[in-house]
Structures are given as structure tokens and as C-alpha cells.
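Take a look at the structure below.
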Amino acid sequence: IAGLKLLSVDGTYFKTHNTEENHHFGFAQSTASFPSVLAVTLMSTRSHLLSDAAFGPVTQSEIHYAQQLVGSAPEHSLTLFDRGFMSAELLISWQGSGANTHWLTPIKSKTRYRIIESFSEYDHLVEMPVSPQAKQQAPYLGESWQARLILIPSPKGDIKGFITSCLCPNTYPVNDLLKVYWQRWEIERSYGELKQYQLENKPVLRSKKKDGVYQELWGILTTYNIVRLEMAAMAVQHKVEPQRISFINALFLIQDEFGWSDRGSPGAIPQHLKRLRENGKRLILPPKRKRPSYPRVVLKKTVKYPSKNATRS
């Protein structure tokens with residue numbers, strides 16, 4: 001959209017062994033059996049390459065770790081945030097970190113705003129109050145802040161929407177922003193691939209010590225990026241979008257190639273990489289079919305045991 005690079009920020013959890021030292025990370029829920037690490041990453045929605053990451057105890061919020069990523073987004077970019085990152089301090093800091101460093105995030109149902117200017121029925125420039133808690137933590141924020149509000153009416157009559165720092169309706173048309181809005185799910189898809197295929201659905205990380213957990217997570221994310229970099233190179237060579245390359249097949253192919261290439265001479269590495277990227281042609285997926293969108297729903301849990309009606313004498 002308008003030449004901006006599209007990025008996404010979201011959080012995910014990694015379980016650790018239940019050791020005394022790993023209790024440093026805390027438990028995601030009061031009933032959880034294992035300590036967990038909360039990781040928040042900045043990722044390209046096109047190539048799924050990670051630009052930066054911050055992680056640590058779950059006792060801190062996603063917004064806390066996202067604040068550590070401020071300044072990591074390049075200039076002339078648009079970062080998509082999930083609803084949980086709605087924070088005046090975070091978003092204003094993100095926008096101020098560089099030229100045309102924009103953001104977009106869904107609104108919450110209780111979001112308060114005042115319409116300053118209307119561009120169309122569902123497109124407005126709004127002013128929102130800064131919460132007392134935010135003003136206490138960051139006095140420089142002032143009493144209010146502005147954003148562009150795009151409302152999305154649903155067939156059932158409900159109206160949802162998002163706010164963005166892309167204020168100009170001519171530079172950033174509504175239809176272009178709507179197309180971008182739905183791409184925020186790409187980061188969740190990427191987390192799923194990482195955990196399901198790269199980590200092989202292992203329930204917990206291997207390390208039983210705090211420092212080892214941090215080291216292991218950096219290794220996991222670095223390895224993920226190596227795979228994504230090769231997938232991006234394959235996509236360029238075969239003139240397709242990076243998302244058209246199968247992650248699981250690329251992962252297996254790279255593991256095989258790197259495994260036996262390690263036993264050869266260093267001078268043969270360029271030839272191995274060339275062959276690897278040529279073989280990437282076999283990993284190209286067919287184009288995605290356009291399917292109608294459906295509202296998100298929660299699946300009803302199946303009952304393990306038949307219910308028995310109580311009888312009274």
C-alpha cells in the first residue's frame with residue numbers, strides 16, 4: 001500500500017520445563033502445569049522473515065515486549081498489531097521512530113473517540129482520550145491523540161473496525177487498507193508452522209535453566225529465519241511470492257542439504273546452494289483460492305461421557 005513495507009507484531013507462548021529456575025518465567029494461567037515464556041516478534045507479512053524479537057517472563061504484558069521493538073521497523077513501513085496492543089504510548093512511539101513508520105490495529109468495543117472529520121460514512125478522523133494510567137507513565141502524551149478510524153459493518157449489523165496512523169484518504173484509500181487489515185493473520189500462521197513443523201509439536205523447550213531457555217529461543221528464531229531466507233531466495237529465482245513456497249517441504253529439503261553438505265569442502269557450498277534453490281521449484285504451491293470470509297467462532301467441546309438425568313424418589 002503506497003509503497004509501504006507490511007509488517008506484523010504479535011505474541012506467542014513457549015512452555016518450559018517445570019524446574020525451580022524456570023519458575024522465573026511464571027505461569028501463563030493459574031492452573032498451568034509448566035512455566036512459559038512470552039515472545040513478541042516483528043515479522044514481514046510477505047516473506048515471514050523476523051526483523052526483531054523480545055521475550056521473557058509471562059508476568060510482563062505483550063505491550064511491554066512490543067515497546068522493546070520500537071525503532072526496529074524500517075522507515076516507510078506499516079505494522080499491523082493485534083487488538084491486545086492497543087496502547088497510546090506504544091503506537092505513538094512506534095510512529096515517531098522514523099519517517100512514515102505507520103501502524104494499524106483493531107479497535108476494542110469500548111474504545112472512546114470523537115469524530116473530528118468524516119471522509120465517508122465509514123471513514124473518519126477521530127480523537128481519543130489518553131487514559132490516566134498512560135498519562136502517569138508517559139506525561140508527554142498529553143490529553144488526547146488522533147488516528148483514522150475505518151469501520152467495517154458485518155452482515156449481522158455489528159460494526160467492527162480498526163484505527164491507523166495512515167491519515168490521508170487519498171494516499172491510503174479505504175479499500176487498500178481493508179486488504180492490508182486481513183493480512184495480520186499471517187504472523188499467527190507463521191507461529192503455527194514454527195511450532196508444528198520446526199519444533200515438531202514438542203510440548204516444552206529442552207532447557208531446564210533460565211539462561212538456557214533464552215539461548216534456545218534465540219536459536220529457534222535464528223533457524224526459522226535461515227529457512228525463510230532460503231525460501232525467499234527460491235521465490236525470487238522462480239518468480240513467485242514467498243508464500244507460494246511450502247514451509248514444511250523447504251524445511252526438510254534444507255535439513256537434508258545442510259546435513260550432507262557439512263561433510264564436503266567449503267568451496268562446494270555455492271554449488272550446493274545453487275542446486276538447493278533450483279530444487280525449490282518442486283516446492284511451489286498453487287495460488288490461494290479466494291474463499292468467502294466467515295466470522296470467528298469457538299468450536300463446541302465434545303462431551304466425553306454421556307449425561308445421565310438425575311432421578312428423584
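Order determines the names: the first chain of the C-alpha cells is A, the second B, and so forth; residues in each chain are numbered 1 upward, and ligands are numbered 1 upward as they are shown.
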
Could you make a table, as JSON lines, of the residues of segment 104-212 of chain A that have an atom within 7 Å of an atom of segment 56-80 of chain A, each with its nearest atom pair and distance in Å to one decimal, counting only C-alpha atoms, in chain and number order?
{"residue": "A:Leu104", "atom": "CA", "partner": "A:Leu80", "partner_atom": "CA", "distance": 4.9}
{"residue": "A:Thr105", "atom": "CA", "partner": "A:Leu80", "partner_atom": "CA", "distance": 6.0}
{"residue": "A:Arg184", "atom": "CA", "partner": "A:Leu80", "partner_atom": "CA", "distance": 5.8}

Original post:
Could you pull the residues within 12 Å of segment 234-250 of chain A, counting only C-alpha atoms, minus those fewer than 6 positions along the same chain, as a count of residues only?
Top reply: 43

**OP:** Write down as number ranges by chain the residues belonging to segment 139-196 of chain A that are assigned strand (DSSP E or B) by DSSP computed on the backbone.
**Re:** A: 144-153, 159-164

Original post:
Quick one: residues within 10 Å of Lys135 of chain A, only C-alpha atoms counted, chain neighbours fewer than 5 positions away excluded, as an MDAnalysis selection string?
Top reply: chainID A and resid 88:89 130 140:144

Original post:
atom CA of Phe34 of chain A to atom CA of Leu251 of chain A: how many Å, to one decimal?
Top reply: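 Taking atom CA of Phe34 of chain A as the start and atom CA of Leu251 of chain A as the end point, the length is 28.4 Å.
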
Residues near segment 205-212 of chain A, cut-off 10 Å, only C-alpha atoms, skip fewer than 4 positions along chain, as a compact mmCIF listing (two decimals) with N, CA and C atoms, in the first residue's frame:
# COMPACT_ATOMS: atom_id res chain seq x y z
N PHE A 14 5.79 -20.13 24.74
CA PHE A 14 6.57 -21.36 24.67
C PHE A 14 6.66 -21.93 26.09
N LYS A 15 6.26 -23.17 26.27
CA LYS A 15 6.33 -23.80 27.58
C LYS A 15 7.76 -24.25 27.88
N THR A 16 8.12 -24.24 29.16
CA THR A 16 9.43 -24.69 29.60
C THR A 16 9.27 -25.81 30.63
N HIS A 17 10.37 -26.47 30.94
CA HIS A 17 10.33 -27.50 31.98
C HIS A 17 10.01 -26.86 33.33
N ASN A 18 9.29 -27.61 34.14
CA ASN A 18 8.86 -27.10 35.45
C ASN A 18 9.98 -27.31 36.47
N THR A 19 11.04 -26.52 36.31
CA THR A 19 12.15 -26.57 37.27
C THR A 19 12.12 -25.30 38.12
N GLU A 20 12.81 -25.36 39.24
CA GLU A 20 12.81 -24.21 40.16
C GLU A 20 13.35 -22.96 39.47
N GLU A 21 14.40 -23.11 38.67
CA GLU A 21 14.99 -21.95 38.00
C GLU A 21 14.06 -21.39 36.93
N ASN A 22 13.32 -22.26 36.25
CA ASN A 22 12.40 -21.79 35.20
C ASN A 22 11.14 -21.14 35.77
N HIS A 23 10.93 -21.24 37.08
CA HIS A 23 9.79 -20.53 37.68
C HIS A 23 9.97 -19.02 37.54
N HIS A 24 11.18 -18.60 37.18
CA HIS A 24 11.45 -17.19 36.89
C HIS A 24 10.50 -16.65 35.82
N PHE A 25 10.08 -17.50 34.89
CA PHE A 25 9.24 -17.05 33.77
C PHE A 25 7.77 -16.93 34.15
N SER A 36 6.02 -20.64 31.39
CA SER A 36 6.00 -20.29 29.97
C SER A 36 6.79 -19.01 29.72
N VAL A 37 7.30 -18.91 28.49
CA VAL A 37 7.96 -17.69 28.03
C VAL A 37 7.02 -17.00 27.05
N GLY A 56 10.44 -12.99 27.38
CA GLY A 56 10.79 -13.09 28.79
C GLY A 56 9.62 -13.62 29.59
N LEU A 199 9.50 -27.29 15.37
CA LEU A 199 9.65 -27.85 16.72
C LEU A 199 8.94 -29.19 16.87
N GLU A 216 18.14 -20.96 23.84
CA GLU A 216 17.41 -21.88 22.97
C GLU A 216 16.41 -21.13 22.08
N LEU A 217 15.73 -20.17 22.66
CA LEU A 217 14.75 -19.41 21.87
C LEU A 217 15.42 -18.60 20.77
N TRP A 218 16.56 -17.98 21.07
CA TRP A 218 17.27 -17.26 20.01
C TRP A 218 17.70 -18.23 18.91

Original post:
Quick one: distance from atom CA of Asn201 of chain A to atom CA of Thr223 of chain A in Å, one decimal?
Top reply: 16.1 Å

Subject >> Interatomic distance, atom CA of His124 of chain A to atom CA of Asp82 of chain A (Å, one decimal) >> reply: 20.5 Å

Subject >> Top pick for closest residue to Ile92 of chain A, considering A:Val180, A:Ala138, A:Ala2, A:Ala28 and counting only C-alpha atoms >> reply: A:Ala138
